[in-house]
Amino acid sequence: MNSAVDALAKKMKWRQIWQNWLNGLFGTPLNTLITVFVVAMLFWTVPFLFRWLFLNATWTGSAKDCAANTGACWAFIGAKLRFILFALYPPELDWRPSLVIGLLALLLVITGTPKF
């Protein structure tokens with residue numbers, strides 16, 4: 001008997017969550033207009049971004065290979081990753097900013113975890 005009540009309460013909770021979402025997205029004519037505009041922009045931009053980021057990308061090679069291709073140059077990111085992360089920080093002390101990056105990532109995961 002209690003499990004049936006719990007299942008009904010859970011179903012009602014999900015129904016309320018969906019109702020809040022729909023009300024937020026389509027509750028007023030302005031919200032509806034903004035929602036339709038954002039969805040249309042996503043349908044217009046996401047395929048191009050996906051194609052540029054992954055399908056037409058240069059994953060390995062040189063600067064000439066990247067210049068010859070129309071997609072993102074991930075080879076450059078791989079070659080310059082240390083400079084992107086640490087800039088001109090001394091290489092023998094890279095462990096310090098690495099530790100800070102790791103701690104920030106851990107804090108982000110902890111604060112993003114519900115009921116912590």
# chains A, B, ... in the order shown; residues from 1 in each chain; ligands from 1

call {"tool": "select_by_dssp", "arguments": {"residues": "chain A", "states": "alpha helix (DSSP H)", "output": "VMD selection string"}}
result
chain A and resid 2 to 26 29 to 50 63 to 68 74 to 79 81 to 86 95 to 112

call {"tool": "residues_around", "arguments": {"residues": "segment 83-87 of chain A", "least_positions_apart": "6", "cutoff": "12 Å", "atoms": "only C-alpha atoms", "output": "number ranges by chain"}}
result
A: 76-77, 93-101

call {"tool": "residues_around", "arguments": {"residues": "segment 59-65 of chain A", "least_positions_apart": "3", "cutoff": "9 Å", "atoms": "only C-alpha atoms", "output": "PDB file with C-alpha atoms, in the first residue's frame"}}
result
ATOM      1  CA  PHE A  54      34.591  17.128 -35.652  1.00  0.00           C
ATOM      2  CA  ALA A  68      44.458  23.424 -46.136  1.00  0.00           C
ATOM      3  CA  ASN A  69      41.431  22.175 -44.217  1.00  0.00           C
ATOM      4  CA  ALA A  72      39.009  23.119 -36.508  1.00  0.00           C
ATOM      5  CA  CYS A  73      42.728  22.562 -35.990  1.00  0.00           C
ATOM      6  CA  TRP A  74      42.969  20.135 -33.071  1.00  0.00           C
ATOM      7  CA  ALA A  75      46.605  19.451 -33.995  1.00  0.00           C
ATOM      8  CA  PHE A  76      47.408  23.004 -32.866  1.00  0.00           C
ATOM      9  CA  GLY A  78      47.578  19.305 -28.957  1.00  0.00           C
TER      10      GLY A  78
END

call {"tool": "atom_distance", "arguments": {"atom1": "atom CA of Gln19 of chain A", "atom2": "atom CA of Thr35 of chain A"}}
result
15.6 Å

call {"tool": "atom_distance", "arguments": {"atom1": "atom CA of Lys115 of chain A", "atom2": "atom CA of Leu25 of chain A"}}
result
26.6 Å

call {"tool": "residues_around", "arguments": {"residues": "segment 36-52 of chain A", "least_positions_apart": "3", "cutoff": "8 Å", "atoms": "only C-alpha atoms", "output": "ChimeraX atom specification"}}
result
/A:32-33,55-57,70-72

call {"tool": "write_last_selection", "arguments": {"atoms": "C-alpha atoms", "output": "short mmCIF file (atom, residue, chain, number, x, y, z; two decimals), in the first residue's frame"}}
result
data_model
loop_
_atom_site.label_atom_id
_atom_site.label_comp_id
_atom_site.auth_asym_id
_atom_site.auth_seq_id
_atom_site.Cartn_x
_atom_site.Cartn_y
_atom_site.Cartn_z
CA THR A 32 7.07 31.15 -26.55
CA LEU A 33 8.73 33.52 -29.03
CA LEU A 55 33.92 16.08 -39.24
CA ASN A 56 36.11 18.59 -41.11
CA ALA A 57 38.66 18.96 -38.33
CA THR A 70 38.23 24.09 -43.43
CA GLY A 71 37.60 22.63 -39.97
CA ALA A 72 39.01 23.12 -36.51
#

call {"tool": "decode", "arguments": {"residues": "segment 81-92 of chain A", "atoms": "N, CA, C and O atoms", "output": "PDB file, in the first residue's frame"}}
result
ATOM      1  N   LEU A  81      49.108  22.733 -26.001  1.00  0.00           N
ATOM      2  CA  LEU A  81      48.316  22.541 -24.801  1.00  0.00           C
ATOM      3  C   LEU A  81      49.030  23.042 -23.550  1.00  0.00           C
ATOM      4  O   LEU A  81      48.430  23.691 -22.696  1.00  0.00           O
ATOM      5  N   ARG A  82      50.316  22.772 -23.429  1.00  0.00           N
ATOM      6  CA  ARG A  82      51.060  23.229 -22.257  1.00  0.00           C
ATOM      7  C   ARG A  82      51.045  24.746 -22.163  1.00  0.00           C
ATOM      8  O   ARG A  82      50.833  25.322 -21.100  1.00  0.00           O
ATOM      9  N   PHE A  83      51.236  25.425 -23.295  1.00  0.00           N
ATOM     10  CA  PHE A  83      51.229  26.885 -23.279  1.00  0.00           C
ATOM     11  C   PHE A  83      49.826  27.421 -22.989  1.00  0.00           C
ATOM     12  O   PHE A  83      49.668  28.419 -22.286  1.00  0.00           O
ATOM     13  N   ILE A  84      48.783  26.747 -23.502  1.00  0.00           N
ATOM     14  CA  ILE A  84      47.409  27.177 -23.238  1.00  0.00           C
ATOM     15  C   ILE A  84      47.096  27.068 -21.748  1.00  0.00           C
ATOM     16  O   ILE A  84      46.464  27.954 -21.173  1.00  0.00           O
ATOM     17  N   LEU A  85      47.555  25.999 -21.109  1.00  0.00           N
ATOM     18  CA  LEU A  85      47.253  25.794 -19.695  1.00  0.00           C
ATOM     19  C   LEU A  85      48.143  26.616 -18.763  1.00  0.00           C
ATOM     20  O   LEU A  85      47.672  27.156 -17.766  1.00  0.00           O
ATOM     21  N   PHE A  86      49.446  26.695 -19.070  1.00  0.00           N
ATOM     22  CA  PHE A  86      50.394  27.260 -18.114  1.00  0.00           C
ATOM     23  C   PHE A  86      51.106  28.519 -18.586  1.00  0.00           C
ATOM     24  O   PHE A  86      51.843  29.134 -17.814  1.00  0.00           O
ATOM     25  N   ALA A  87      50.951  28.890 -19.847  1.00  0.00           N
ATOM     26  CA  ALA A  87      51.600  30.077 -20.431  1.00  0.00           C
ATOM     27  C   ALA A  87      53.109  30.011 -20.215  1.00  0.00           C
ATOM     28  O   ALA A  87      53.731  29.035 -20.594  1.00  0.00           O
ATOM     29  N   LEU A  88      53.688  31.019 -19.602  1.00  0.00           N
ATOM     30  CA  LEU A  88      55.144  31.085 -19.433  1.00  0.00           C
ATOM     31  C   LEU A  88      55.601  30.608 -18.057  1.00  0.00           C
ATOM     32  O   LEU A  88      56.725  30.905 -17.645  1.00  0.00           O
ATOM     33  N   TYR A  89      54.745  29.879 -17.361  1.00  0.00           N
ATOM     34  CA  TYR A  89      55.099  29.353 -16.043  1.00  0.00           C
ATOM     35  C   TYR A  89      56.262  28.381 -16.195  1.00  0.00           C
ATOM     36  O   TYR A  89      56.325  27.614 -17.165  1.00  0.00           O
ATOM     37  N   PRO A  90      57.215  28.365 -15.271  1.00  0.00           N
ATOM     38  CA  PRO A  90      58.377  27.465 -15.406  1.00  0.00           C
ATOM     39  C   PRO A  90      57.953  25.995 -15.477  1.00  0.00           C
ATOM     40  O   PRO A  90      57.150  25.539 -14.656  1.00  0.00           O
ATOM     41  N   PRO A  91      58.490  25.253 -16.438  1.00  0.00           N
ATOM     42  CA  PRO A  91      58.081  23.849 -16.615  1.00  0.00           C
ATOM     43  C   PRO A  91      58.304  22.977 -15.384  1.00  0.00           C
ATOM     44  O   PRO A  91      57.526  22.059 -15.123  1.00  0.00           O
ATOM     45  N   GLU A  92      59.343  23.247 -14.603  1.00  0.00           N
ATOM     46  CA  GLU A  92      59.610  22.412 -13.428  1.00  0.00           C
ATOM     47  C   GLU A  92      58.577  22.642 -12.321  1.00  0.00           C
ATOM     48  O   GLU A  92      58.502  21.875 -11.365  1.00  0.00           O
TER      49      GLU A  92
END
